[in-house]
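Colleague: Please see the structure below; I have some questions.
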Amino acid sequence: MIYRLNNLTRTNVMNDQYAPNEIEKAVQAEWLSEKKFRVREDQNKKKYYCLSMFPYPSGKLHMGHVRNYTIGDVLSRYHKMRGYNVLQPMGWDAFGLPAENAAIANRVSPAKWTYENIKYMKKQLKSLGFALDWSREIATCSPVYYKWNQWLFLKMLEKGLVYKKTGTVNWDPIDQTVLANEQVIDGKGWRTGATVEKREIPMYYMKITSYAERLLTDLNRLEDWPEKVKTMQANWLGKSQGVNIAFKYDLKGVSKSLKVFTTRADTIMGVTFCAVAPEHALALYAAKCKPEISKFIDECREGSYTEAEMATAEKRGIFTGFYVEHPLTGRQIPVWIGNYVLLSYGEGAVMGVPAHDERDFYFAKRYSLEIISVIDFDGKEFSAKNWQTWYTKKGRCVNSGKYNGLVFDDAVGEIAKDLKKKDLGDVEIQWRIRDWGISRQRYWGTPIPIIYCDQCGDVPVPYSQLPVVLPEDCFPDGSGNPLKNRDDFLNINCPKCGGPAVRETDTMDTFVDSSWYPLRYACSDNADAMVDERVSYWLPVDQYIGGIEHAILHLLYSRFWTKVMKDLGLVSLGEPFSKLLTQGMVLNQVFSRKEADGRMLYVNPADVELKKGGRDGKLTAISKLDGLPVFSEGIRTMSKSKNNGVDPQELIDKYGADTARLFTMFASPPEDTLSWNADGVEGSFRFLKKLWKFASENKHLVQSTHKHTRFEGLEPNLLRIRHSIHQLLRQANVDYERKHFNTVVSAAMKMLNVLDSEIKTDKSTNNVDLVKKEGLGILIRVLYPVAPHITTVLWRILGYGEDLTIADWPEVDQTALEESDVLLILQINGKKRGELRVPVDSPDKIIETMALGSPEIKKHLEGKNIKKIIIVPRRIVNIVV
RNA sequence: GCCCAGGUGGCGAAAUCGGUAGACGCACCAGGUUCAGGACCUGGCGGUGGAGACACUGUGGAGGUUCGAAUCCUCUCCUGGGCACCA
């Protein structure tokens, strides 16, 4: 039977116990049938676009989702009550690797797996009662969505913002396939165990580097972004001013130069070697005649290419046999190949100054290269034996000829000037960020709209032929992209010459999908354009909410795409997100075991039992599934790959959505990391039960008290109660604004405590009812954004009003906050020694006298001289002795 | 390795500003209530000493600034996030 909210008669439901599942079904049914959260543009209202990062449809919701979407829902409902026109949409980041992994594991097509997951997770989201406008739902794997990925790709290609070059990937030599970083474990392929190699393949790139300056300066416009995120992005962009320097050399009689970039040109006289990346042309040339160099380069190819890997790997090198000429001294400088030099940073070469760079120092020590100190640190002794952290500090030049005595800025200036005169260098701005490689050698993604023709080369798919539709019935098996075997997809006539041609089989990075979905929600029903005028009403997003793990990549790519769309005249928007809330990760234990075939097995913590074993009583973890031991890997963010997610369904089934939401909000402030532990749920459930009981015991109130709202002549205890309620309301307001929902919940709990226990002791008078009615009305509204179902029912049944979703937010009554006296803390030397209640605004002189006269203070003052007395108004009297 | 955060009772946490550390909950303990309960009520609850009033001590660790520090500064340890193909 479907429970209808309007069928709940005013008396009988309140006689029952709190039954969350029935209440929630009824309330949700009404929200659905009345389309409560569907919104349209309304120029008369302030808009509030509240967006939570859309989920990857991995199968089930996990607690991270519940947390994320509850935060968004709380903010949406709060702002709606504050009078905003609120848009809160939802959709699916539906392309990606896990669908292919599922296909490998279960022989189900990624499409089927994805759509089934979406269906289930949508049901879960609905059961949590989020105020979502489902009419705008999008899934990035749908052709009506990804068509516009392809469309914009082609536009960017026209503008020169997309280009092709080679890039490095992880190559599994056995499966003959490209691996994601996640699929490389300790340098080995996840399925084959083969040592992974770096391989250069052609890829498409988006020119994010030409937007670097704007991405950096516009960070200043993002006033309501966390500082930490802006810092991380600025560091990622990595603007640095330095000097590019050319080291000349002769190759078979041809004069060439090795170009390096340095931020420490002041140390140029300390250069004792140069190092190039293993893929550098000079290295490859050297390898031609020396097999040991060739072998070294091959060894460098082993392992994945991630920055973390490169930075932690042992620094190794080999001499190329070449020398280059120092641009200022003319000295011959040996050129080495270094496994720590990145081809993609600058031109793949660095100058080595072992005395003032830690990495160069250890490299020089290892290969017995010369170490020359050229910086003086206020006379501190330099030693070529052991590294000191101060060697990298800036100081005055020494051992540097004409530059001796110059400080950093002057030295760099002079050196750059001299290099420029010789045409061997100049000051230069360098960025850390690299162009965005978007090609993926995978099936489940947006097809890149390019056709290869023997006659015409790379030909863009004509706009009229978009979208290039991805066949949905492929089954990846882990050994490469199945599109390569789909002749119906592959073979096509060249749009230019009409001759036989083949399609590109690479698909796009899924970060492309998520770079513009916030815009699409404004106009998801428009089949004829990527965006339309509704975007200018809803965007920018007023509040974006998502995990801190997206602080850099997703948010940066999204900012980049928005700027590109602006430059293409599609939107007038400069930045997509006005305010950002970065949710802390939800963590849980990770348990794993290495299987006999070398693969990692992850066991969900719910399936792990901790047993005290052996004589030492040590805890061992046993998998309940097979009775065998598993090992703790510590606590990590909940993820599918580590199998440590917690399915919220059990919680919802047992306690209801309101409790799940309330508990999640109460557990900690949104920005904090949260280690999952469901122990406190009972308390949240108990609170809602207590609220229900209190309301049902007092259901007579609302009808019985007459409408007047005058609170004059209240008894002192009732004045105190009103004081507490309004103080708590004020606190809750502050906490809603600063998004500390845990203390909003505790304010609501305190309100109920105040109303329940303090009034209980009084005889019921008209005044008591008046104060209770007001207090409960405030409590219901304060709690509504967090626990919308129970409050919706109480609001209507108690007769406060029909529709809580649009009720007015309660106002703080300033007169209720007035106080006649205040409690001061008495301290001696900052240590609490007593308390003193004084009338508000007592003069300092009187407070002083009273404080000195208090018995506790007298006792502690014996035999001591008072030096001074500090009075902090309304707080503290500190006597310094 | 580099960049960014965070460390407060047995546990989650609170403390808009540098001004009573531990609000609000969980767990636990004591008592009550109930035929029963995955129910409810009352009280206690950082540590040490003390019968008690109370005293000392206490916000990862070590220093510092201040009348006063969880909060500011320096160093250090630990934990988490990111490091460009997980999303």
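To be explicit about the labels: the chains of the structure tokens are called A, B, and onward in the order shown, and within each one the residues are counted from 1, while ligands get numbers from 1 in the order they are shown.
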With only C-alpha atoms (C1' of nucleotides) as the counted atoms, please give the residues lying no more than 9 Å from Glu811 of chain A, apart from itself and same-chain residues fewer than 2 positions off, as a list in words.

Modeller: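 Final neighbour list, sorted by chain and number: His726, Leu729, Arg730, Ile778, Asp808, Trp809 and Asp813 of chain A.
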
Colleague: With only C-alpha atoms (C1' of nucleotides) considered, list every residue of chain B at most 12 Å from chain A, as a ChimeraX atom specification.

Modeller: /B:1-7,11-16,18-21,23-27,38-42,54-55,66-69,79-87

Colleague: How many Å lie between atom CA of Asp756 of chain A and atom CA of Glu697 of chain A, rounded to one decimal?

Modeller: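 So the answer is 10.3 Å.
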
Colleague: Out of A:Asp172, A:Asp477, A:Glu299, A:Glu292, which residue has the shortest atom-to-atom distance to Ala102 of chain A when counting only C-alpha atoms?

Modeller: A:Asp477

Colleague: Residues of segment 59-177 of chain A in helix (DSSP H, G or I) according to DSSP, as an NGL selection string?

Modeller: :A and (63-81 or 97-106 or 110-127 or 134-136 or 143-158)

Colleague: Between atom CA of Lys47 of chain A and atom CA of Asn149 of chain A, what distance in Å does the model show, to one decimal?

Modeller: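 Atom-to-atom, atom CA of Lys47 of chain A to atom CA of Asn149 of chain A, that is 27.5 Å.
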
Colleague: Calculate how many Å separate atom CA of His280 of chain A from atom CA of Ile297 of chain A, rounding to one decimal.

Modeller: 10.1 Å
